[in-house]
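I have placed the structure first, in the form of structure tokens, so that the comments after it can refer back to it.
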Amino acid sequence: MKKLLPELKKSFVTALWFVFLTFPILVIKVNTVRNTILWRWANMIAVFVMTMIFSWVWRRLLEKRARGERLVDLSRVLPRNLLDVDIKTVFAQKKVSRPALVVLLVLAVLFPFIAGMYQTNIVTTALMYVILGLGLNIVIGLGGLLQLGYAAFYAVGAYTYGILNTRFGLNFWIALPLGAVLAMLFGILLGFPVLRLKGDYLAIVTLGFAEICRIVLENWNDFSSGPSGINKIARPPLFGIKLTVPQSVIYLYFITLALVVLTVFVVRRLENSRLGRAWEAMREDSVASEAMGVNLTITKLSAFALGAFWAGLVGVLFAAKTTFINPASFTLMESILVLCIIVLGGMGSTAGVIIGALIIILLPEYLRAFTQYRMLLYGSILILMMVFRPGGIIPKVRKSYVFKADGKIEGAGHE
């Protein structure tokens, strides 16, 4: 009881300060038409109680983390033998992972026929951000190169398809590889000036590059139609068959799903390749990796080029999905959103990036029922994750090898 009272006092003071700071926004509502003021005292009481409870729970969680205890103890609810099961070890077995992947793919294929057009549209957008996240994960998660200008390559892909389709009548399937390759060339172009930069300096230069691209698109009216953007961009064709809007939505969903599967396969292969090991070595210690024979110039340029390639690919998909693009779609917030996906999911973790993208894109949509408090809940969840699980939802598992007495090498993994 002696320990509880000081904690409640701290929570009470915190709640009081929070109510004081948010009083003009949450309590006072001015009607400019009738020149009246509506006092919403119920909001003040609700916010005070919620803040006090949240502050107390927050302190308890911080104390548990400091003592090294589990934040949530499930031993009273679940049986002990179930808690001892390591989920990562179970899913690492092929007899478990392969059937699970098959079931997941079957559900993904059936989804657009079960759900409506609105739900399919949302999930298509989420899948596009999965590809963007996996592309940026090559640069940041594997290569350790902090890039804040990823939206520029996204814009290159979108404008490639928008211009080629509306002015030259090029097909989606022709523009798809062209947009990806052109974005890759821009990635190499950005890579050369920043070869010797790292950390904050690299982030600032890449951010400047993205802003240059956006300003050029806004002001070069003859090329990009300026702020008005490009409209009437054709949706992907299906062997010359004219599709209705619902059919086009489903068709684009399957195209995006196929590209997600392709991206996951390619990224996983790259991660386990010689180039992938060079990226990870460069991320851990660029000086040591160069001393061991890693060509940092080629390694950095390949990371920028391959990351930009997937962004260009998604840019073409975005232009085909919305049928309208303008520079406002490719601001700094897009780059930050993709960066949040990687940080939340787990840097360098493919599965983590996929889950992070689905959470960050789908969560705000499904919290629309809370209207005013939607972004507050969304932000709170992100803060909780970053404080209590900084490695992400699924942290990157580094491979290690154990040498046995008989001379055999056994692979293992640790975080």
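Naming scheme: A, B, ... for chains in displayed order of the structure tokens; residues 1 onward per chain; ligands 1 onward as shown.
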Which neighbours of range 20-27 of chain A fall inside 12 Å, counting only C-alpha atoms, when residues of the same chain fewer than 6 positions from it are skipped, and could you give them as a ChimeraX atom specification? /A:13-14,37-48,51,372-373
For Phe111 in chain A, list every protein, DNA or RNA residue within 12 Å, evaluated using only C-alpha atoms, and leave out those in the same chain fewer than 4 positions away; present the list as a list in words.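 Here the qualifying residues turn out to be Leu104, Leu105, Val106, Leu107, Ala115, Gly116, Met117, Tyr118, Gln119, Thr120, Asn121, Ile122, Val123, Thr124, Ile250, Tyr253, Phe254 and Leu257 of chain A.
If you measure from each of A:Ala175, A:Val109, A:Val338, A:Leu384 to Ala311 in chain A using only C-alpha atoms, the closest one turns out to be A:Val338.
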When you count only C-alpha atoms, which of these residues is closest to Thr299 in chain A: A:Leu176, A:Met386, A:Ile138, A:Ala210? A:Ile138
Tell me, which residues of range 126-365 of chain A carry DSSP helix (DSSP H, G or I), written as a PDB file with C-alpha atoms, in the first residue's frame?
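Written output follows (selection-v1.pdb):
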ATOM      1  CA  ALA A 126      -1.153  -2.773 -48.036  1.00  0.00           C
ATOM      2  CA  LEU A 127       0.497  -5.303 -50.368  1.00  0.00           C
ATOM      3  CA  MET A 128       2.043  -2.453 -52.356  1.00  0.00           C
ATOM      4  CA  TYR A 129       3.578  -1.123 -49.153  1.00  0.00           C
ATOM      5  CA  VAL A 130       4.859  -4.634 -48.396  1.00  0.00           C
ATOM      6  CA  ILE A 131       6.893  -4.444 -51.627  1.00  0.00           C
ATOM      7  CA  LEU A 132       8.046  -0.896 -50.784  1.00  0.00           C
ATOM      8  CA  GLY A 133       9.067  -2.029 -47.302  1.00  0.00           C
ATOM      9  CA  LEU A 134      11.002  -5.022 -48.628  1.00  0.00           C
ATOM     10  CA  GLY A 135      12.756  -2.778 -51.157  1.00  0.00           C
ATOM     11  CA  LEU A 136      13.806  -0.209 -48.537  1.00  0.00           C
ATOM     12  CA  ASN A 137      14.749  -3.054 -46.201  1.00  0.00           C
ATOM     13  CA  ILE A 138      17.550  -3.941 -48.646  1.00  0.00           C
ATOM     14  CA  VAL A 139      19.006  -0.446 -48.267  1.00  0.00           C
ATOM     15  CA  ILE A 140      18.441   0.139 -44.533  1.00  0.00           C
ATOM     16  CA  GLY A 141      17.869  -3.275 -42.953  1.00  0.00           C
ATOM     17  CA  LEU A 142      20.576  -5.190 -44.812  1.00  0.00           C
ATOM     18  CA  TYR A 150      12.674   6.584 -51.090  1.00  0.00           C
ATOM     19  CA  ALA A 151       9.536   8.348 -52.345  1.00  0.00           C
ATOM     20  CA  ALA A 152      11.593   9.792 -55.243  1.00  0.00           C
ATOM     21  CA  PHE A 153      12.037   6.350 -56.836  1.00  0.00           C
ATOM     22  CA  TYR A 154       8.373   5.597 -56.168  1.00  0.00           C
ATOM     23  CA  ALA A 155       7.535   8.795 -58.118  1.00  0.00           C
ATOM     24  CA  VAL A 156       9.872   7.843 -60.990  1.00  0.00           C
ATOM     25  CA  GLY A 157       7.970   4.585 -61.534  1.00  0.00           C
ATOM     26  CA  ALA A 158       4.563   6.250 -61.326  1.00  0.00           C
ATOM     27  CA  TYR A 159       5.420   9.092 -63.711  1.00  0.00           C
ATOM     28  CA  THR A 160       7.116   6.698 -66.140  1.00  0.00           C
ATOM     29  CA  TYR A 161       3.856   4.800 -66.589  1.00  0.00           C
ATOM     30  CA  GLY A 162       1.688   7.952 -66.465  1.00  0.00           C
ATOM     31  CA  ILE A 163       3.645   9.732 -69.217  1.00  0.00           C
ATOM     32  CA  LEU A 164       4.261   6.680 -71.419  1.00  0.00           C
ATOM     33  CA  ASN A 165       0.614   5.612 -71.242  1.00  0.00           C
ATOM     34  CA  THR A 166      -1.164   8.959 -71.675  1.00  0.00           C
ATOM     35  CA  ARG A 167       1.184  10.428 -74.308  1.00  0.00           C
ATOM     36  CA  PHE A 168       2.564   7.415 -76.156  1.00  0.00           C
ATOM     37  CA  PHE A 172       1.013  -1.446 -68.496  1.00  0.00           C
ATOM     38  CA  TRP A 173       3.046  -4.621 -69.000  1.00  0.00           C
ATOM     39  CA  ILE A 174       5.645  -2.777 -71.083  1.00  0.00           C
ATOM     40  CA  ALA A 175       5.814   0.174 -68.673  1.00  0.00           C
ATOM     41  CA  LEU A 176       6.147  -2.075 -65.586  1.00  0.00           C
ATOM     42  CA  PRO A 177       9.761  -3.206 -66.227  1.00  0.00           C
ATOM     43  CA  LEU A 178      10.640   0.173 -67.792  1.00  0.00           C
ATOM     44  CA  GLY A 179       9.521   2.072 -64.672  1.00  0.00           C
ATOM     45  CA  ALA A 180      11.455  -0.327 -62.420  1.00  0.00           C
ATOM     46  CA  VAL A 181      14.646  -0.112 -64.513  1.00  0.00           C
ATOM     47  CA  LEU A 182      14.450   3.698 -64.780  1.00  0.00           C
ATOM     48  CA  ALA A 183      14.045   3.951 -60.991  1.00  0.00           C
ATOM     49  CA  MET A 184      17.050   1.634 -60.617  1.00  0.00           C
ATOM     50  CA  LEU A 185      19.117   3.980 -62.811  1.00  0.00           C
ATOM     51  CA  PHE A 186      18.083   6.898 -60.582  1.00  0.00           C
ATOM     52  CA  GLY A 187      19.159   4.803 -57.579  1.00  0.00           C
ATOM     53  CA  ILE A 188      22.625   4.350 -59.106  1.00  0.00           C
ATOM     54  CA  LEU A 189      22.688   8.070 -59.957  1.00  0.00           C
ATOM     55  CA  LEU A 190      21.998   8.887 -56.290  1.00  0.00           C
ATOM     56  CA  GLY A 191      24.474   6.268 -55.093  1.00  0.00           C
ATOM     57  CA  ASP A 200      22.713  11.540 -40.672  1.00  0.00           C
ATOM     58  CA  TYR A 201      24.641  13.047 -43.587  1.00  0.00           C
ATOM     59  CA  LEU A 202      23.452  10.288 -45.922  1.00  0.00           C
ATOM     60  CA  ALA A 203      19.858  10.747 -44.724  1.00  0.00           C
ATOM     61  CA  ILE A 204      19.991  14.519 -45.377  1.00  0.00           C
ATOM     62  CA  VAL A 205      21.413  14.084 -48.906  1.00  0.00           C
ATOM     63  CA  THR A 206      18.812  11.457 -49.869  1.00  0.00           C
ATOM     64  CA  LEU A 207      16.080  13.656 -48.402  1.00  0.00           C
ATOM     65  CA  GLY A 208      17.351  16.549 -50.521  1.00  0.00           C
ATOM     66  CA  PHE A 209      17.311  14.333 -53.613  1.00  0.00           C
ATOM     67  CA  ALA A 210      13.659  13.417 -52.995  1.00  0.00           C
ATOM     68  CA  GLU A 211      12.702  17.065 -52.534  1.00  0.00           C
ATOM     69  CA  ILE A 212      14.498  18.017 -55.773  1.00  0.00           C
ATOM     70  CA  CYS A 213      12.516  15.361 -57.641  1.00  0.00           C
ATOM     71  CA  ARG A 214       9.221  16.529 -56.136  1.00  0.00           C
ATOM     72  CA  ILE A 215       9.904  20.217 -56.902  1.00  0.00           C
ATOM     73  CA  VAL A 216      10.898  19.364 -60.490  1.00  0.00           C
ATOM     74  CA  LEU A 217       7.642  17.447 -60.944  1.00  0.00           C
ATOM     75  CA  GLU A 218       5.652  20.366 -59.504  1.00  0.00           C
ATOM     76  CA  ASN A 219       7.249  23.032 -61.699  1.00  0.00           C
ATOM     77  CA  ASN A 221       4.562  21.679 -66.486  1.00  0.00           C
ATOM     78  CA  ASP A 222       5.449  20.567 -70.016  1.00  0.00           C
ATOM     79  CA  PHE A 223       6.860  17.280 -68.722  1.00  0.00           C
ATOM     80  CA  SER A 224       4.787  16.327 -65.680  1.00  0.00           C
ATOM     81  CA  GLY A 226       2.844  20.313 -62.701  1.00  0.00           C
ATOM     82  CA  PRO A 227       0.593  20.277 -59.603  1.00  0.00           C
ATOM     83  CA  SER A 228      -2.402  19.280 -61.758  1.00  0.00           C
ATOM     84  CA  VAL A 245     -14.105  -1.410 -62.206  1.00  0.00           C
ATOM     85  CA  PRO A 246     -14.733  -4.281 -59.683  1.00  0.00           C
ATOM     86  CA  GLN A 247     -13.023  -6.738 -62.039  1.00  0.00           C
ATOM     87  CA  SER A 248     -10.066  -4.358 -62.467  1.00  0.00           C
ATOM     88  CA  VAL A 249      -9.723  -4.071 -58.683  1.00  0.00           C
ATOM     89  CA  ILE A 250      -9.579  -7.876 -58.312  1.00  0.00           C
ATOM     90  CA  TYR A 251      -7.192  -8.196 -61.266  1.00  0.00           C
ATOM     91  CA  LEU A 252      -4.825  -5.584 -59.827  1.00  0.00           C
ATOM     92  CA  TYR A 253      -5.004  -7.348 -56.444  1.00  0.00           C
ATOM     93  CA  PHE A 254      -3.757 -10.583 -58.021  1.00  0.00           C
ATOM     94  CA  ILE A 255      -0.993  -8.741 -59.910  1.00  0.00           C
ATOM     95  CA  THR A 256       0.161  -7.115 -56.659  1.00  0.00           C
ATOM     96  CA  LEU A 257      -0.052 -10.436 -54.786  1.00  0.00           C
ATOM     97  CA  ALA A 258       2.070 -12.146 -57.456  1.00  0.00           C
ATOM     98  CA  LEU A 259       4.646  -9.346 -57.241  1.00  0.00           C
ATOM     99  CA  VAL A 260       4.732  -9.685 -53.433  1.00  0.00           C
ATOM    100  CA  VAL A 261       5.497 -13.409 -53.752  1.00  0.00           C
ATOM    101  CA  LEU A 262       8.178 -12.644 -56.361  1.00  0.00           C
ATOM    102  CA  THR A 263       9.690  -9.902 -54.167  1.00  0.00           C
ATOM    103  CA  VAL A 264       9.813 -12.140 -51.077  1.00  0.00           C
ATOM    104  CA  PHE A 265      11.477 -14.914 -53.101  1.00  0.00           C
ATOM    105  CA  VAL A 266      14.079 -12.578 -54.667  1.00  0.00           C
ATOM    106  CA  VAL A 267      14.835 -10.743 -51.389  1.00  0.00           C
ATOM    107  CA  ARG A 268      15.274 -14.026 -49.510  1.00  0.00           C
ATOM    108  CA  ARG A 269      17.624 -15.320 -52.210  1.00  0.00           C
ATOM    109  CA  LEU A 270      19.589 -12.061 -52.162  1.00  0.00           C
ATOM    110  CA  GLU A 271      19.803 -12.154 -48.372  1.00  0.00           C
ATOM    111  CA  ARG A 274      27.250 -13.516 -51.383  1.00  0.00           C
ATOM    112  CA  LEU A 275      25.934 -10.006 -52.065  1.00  0.00           C
ATOM    113  CA  GLY A 276      23.554 -10.238 -49.107  1.00  0.00           C
ATOM    114  CA  ARG A 277      26.386 -11.247 -46.780  1.00  0.00           C
ATOM    115  CA  ALA A 278      28.417  -8.308 -48.122  1.00  0.00           C
ATOM    116  CA  TRP A 279      25.515  -5.943 -47.290  1.00  0.00           C
ATOM    117  CA  GLU A 280      25.315  -7.270 -43.740  1.00  0.00           C
ATOM    118  CA  ALA A 281      29.090  -7.063 -43.292  1.00  0.00           C
ATOM    119  CA  MET A 282      29.018  -3.454 -44.528  1.00  0.00           C
ATOM    120  CA  ARG A 283      26.164  -2.661 -42.118  1.00  0.00           C
ATOM    121  CA  GLU A 284      28.053  -4.054 -39.112  1.00  0.00           C
ATOM    122  CA  SER A 286      32.278  -0.960 -43.235  1.00  0.00           C
ATOM    123  CA  VAL A 287      36.018  -0.606 -42.456  1.00  0.00           C
ATOM    124  CA  ALA A 288      36.409  -4.238 -41.393  1.00  0.00           C
ATOM    125  CA  SER A 289      34.362  -5.517 -44.338  1.00  0.00           C
ATOM    126  CA  GLU A 290      36.473  -3.516 -46.792  1.00  0.00           C
ATOM    127  CA  ALA A 291      39.628  -4.912 -45.168  1.00  0.00           C
ATOM    128  CA  LEU A 296      32.082  -1.081 -50.822  1.00  0.00           C
ATOM    129  CA  THR A 297      31.443   0.871 -54.036  1.00  0.00           C
ATOM    130  CA  ILE A 298      29.698  -2.033 -55.781  1.00  0.00           C
ATOM    131  CA  THR A 299      27.964  -3.152 -52.567  1.00  0.00           C
ATOM    132  CA  LYS A 300      26.488   0.305 -51.850  1.00  0.00           C
ATOM    133  CA  LEU A 301      25.461   0.942 -55.454  1.00  0.00           C
ATOM    134  CA  SER A 302      23.789  -2.474 -55.692  1.00  0.00           C
ATOM    135  CA  ALA A 303      21.819  -1.769 -52.473  1.00  0.00           C
ATOM    136  CA  PHE A 304      20.601   1.612 -53.797  1.00  0.00           C
ATOM    137  CA  ALA A 305      19.835   0.173 -57.249  1.00  0.00           C
ATOM    138  CA  LEU A 306      17.874  -2.879 -56.047  1.00  0.00           C
ATOM    139  CA  GLY A 307      15.982  -0.871 -53.433  1.00  0.00           C
ATOM    140  CA  ALA A 308      15.005   1.681 -56.078  1.00  0.00           C
ATOM    141  CA  PHE A 309      13.995  -1.095 -58.500  1.00  0.00           C
ATOM    142  CA  TRP A 310      11.168  -2.300 -56.232  1.00  0.00           C
ATOM    143  CA  ALA A 311      10.055   1.279 -55.555  1.00  0.00           C
ATOM    144  CA  GLY A 312       9.765   1.927 -59.317  1.00  0.00           C
ATOM    145  CA  LEU A 313       7.777  -1.278 -59.701  1.00  0.00           C
ATOM    146  CA  VAL A 314       5.276  -0.184 -57.029  1.00  0.00           C
ATOM    147  CA  GLY A 315       5.131   3.303 -58.585  1.00  0.00           C
ATOM    148  CA  VAL A 316       3.803   1.796 -61.816  1.00  0.00           C
ATOM    149  CA  LEU A 317       1.266  -0.245 -59.812  1.00  0.00           C
ATOM    150  CA  PHE A 318       0.185   2.880 -57.921  1.00  0.00           C
ATOM    151  CA  ALA A 319      -0.389   4.851 -61.144  1.00  0.00           C
ATOM    152  CA  ALA A 320      -2.422   1.952 -62.595  1.00  0.00           C
ATOM    153  CA  LYS A 321      -4.474   1.607 -59.395  1.00  0.00           C
ATOM    154  CA  THR A 322      -5.382   5.271 -58.878  1.00  0.00           C
ATOM    155  CA  PRO A 327       3.503  15.348 -56.835  1.00  0.00           C
ATOM    156  CA  ALA A 328       1.448  15.489 -53.614  1.00  0.00           C
ATOM    157  CA  SER A 329       1.433  11.671 -53.530  1.00  0.00           C
ATOM    158  CA  LEU A 332       8.528  13.114 -47.349  1.00  0.00           C
ATOM    159  CA  MET A 333       5.738  11.465 -45.348  1.00  0.00           C
ATOM    160  CA  GLU A 334       5.688   8.561 -47.830  1.00  0.00           C
ATOM    161  CA  SER A 335       9.381   7.880 -47.180  1.00  0.00           C
ATOM    162  CA  ILE A 336       8.846   8.143 -43.415  1.00  0.00           C
ATOM    163  CA  LEU A 337       5.845   5.798 -43.598  1.00  0.00           C
ATOM    164  CA  VAL A 338       7.908   3.103 -45.341  1.00  0.00           C
ATOM    165  CA  LEU A 339      10.719   3.653 -42.806  1.00  0.00           C
ATOM    166  CA  CYS A 340       8.186   3.176 -39.967  1.00  0.00           C
ATOM    167  CA  ILE A 341       7.150  -0.132 -41.545  1.00  0.00           C
ATOM    168  CA  ILE A 342      10.739  -1.398 -41.366  1.00  0.00           C
ATOM    169  CA  VAL A 343      11.373  -0.154 -37.819  1.00  0.00           C
ATOM    170  CA  LEU A 344       8.070  -1.558 -36.525  1.00  0.00           C
ATOM    171  CA  GLY A 345       8.413  -4.924 -38.268  1.00  0.00           C
ATOM    172  CA  THR A 350      11.463 -10.152 -44.218  1.00  0.00           C
ATOM    173  CA  ALA A 351       8.555 -11.556 -42.198  1.00  0.00           C
ATOM    174  CA  GLY A 352       8.707  -8.561 -39.860  1.00  0.00           C
ATOM    175  CA  VAL A 353       8.497  -6.060 -42.737  1.00  0.00           C
ATOM    176  CA  ILE A 354       5.442  -7.872 -44.162  1.00  0.00           C
ATOM    177  CA  ILE A 355       3.639  -7.807 -40.805  1.00  0.00           C
ATOM    178  CA  GLY A 356       4.718  -4.204 -40.166  1.00  0.00           C
ATOM    179  CA  ALA A 357       3.324  -3.067 -43.536  1.00  0.00           C
ATOM    180  CA  LEU A 358       0.003  -4.809 -42.952  1.00  0.00           C
ATOM    181  CA  ILE A 359      -0.322  -3.273 -39.467  1.00  0.00           C
ATOM    182  CA  ILE A 360       0.662   0.295 -40.411  1.00  0.00           C
ATOM    183  CA  ILE A 361      -1.527   0.432 -43.537  1.00  0.00           C
ATOM    184  CA  LEU A 362      -4.538  -1.600 -42.369  1.00  0.00           C
ATOM    185  CA  LEU A 363      -4.739  -0.406 -38.746  1.00  0.00           C
ATOM    186  CA  PRO A 364      -5.747   3.225 -39.505  1.00  0.00           C
ATOM    187  CA  GLU A 365      -8.404   1.954 -41.925  1.00  0.00           C
TER     188      GLU A 365
END
CA of Gly149 in chain A to CA of Val194 in chain A: how many Å, to one decimal?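 Pair CA of Gly149 in chain A / CA of Val194 in chain A returns 12.6 Å.
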For a quick check of understanding, using only C-alpha atoms, which of A:Arg389, A:Arg59, A:Lys29, A:Lys232 has the smallest distance to Gly169 in chain A?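 When distances to Gly169 in chain A are compared using only C-alpha atoms, the smallest one comes from A:Lys232.
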Å distance separating CA of Val103 in chain A from CA of Leu367 in chain A, one decimal place: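 Those two atoms sit 27.2 Å apart.
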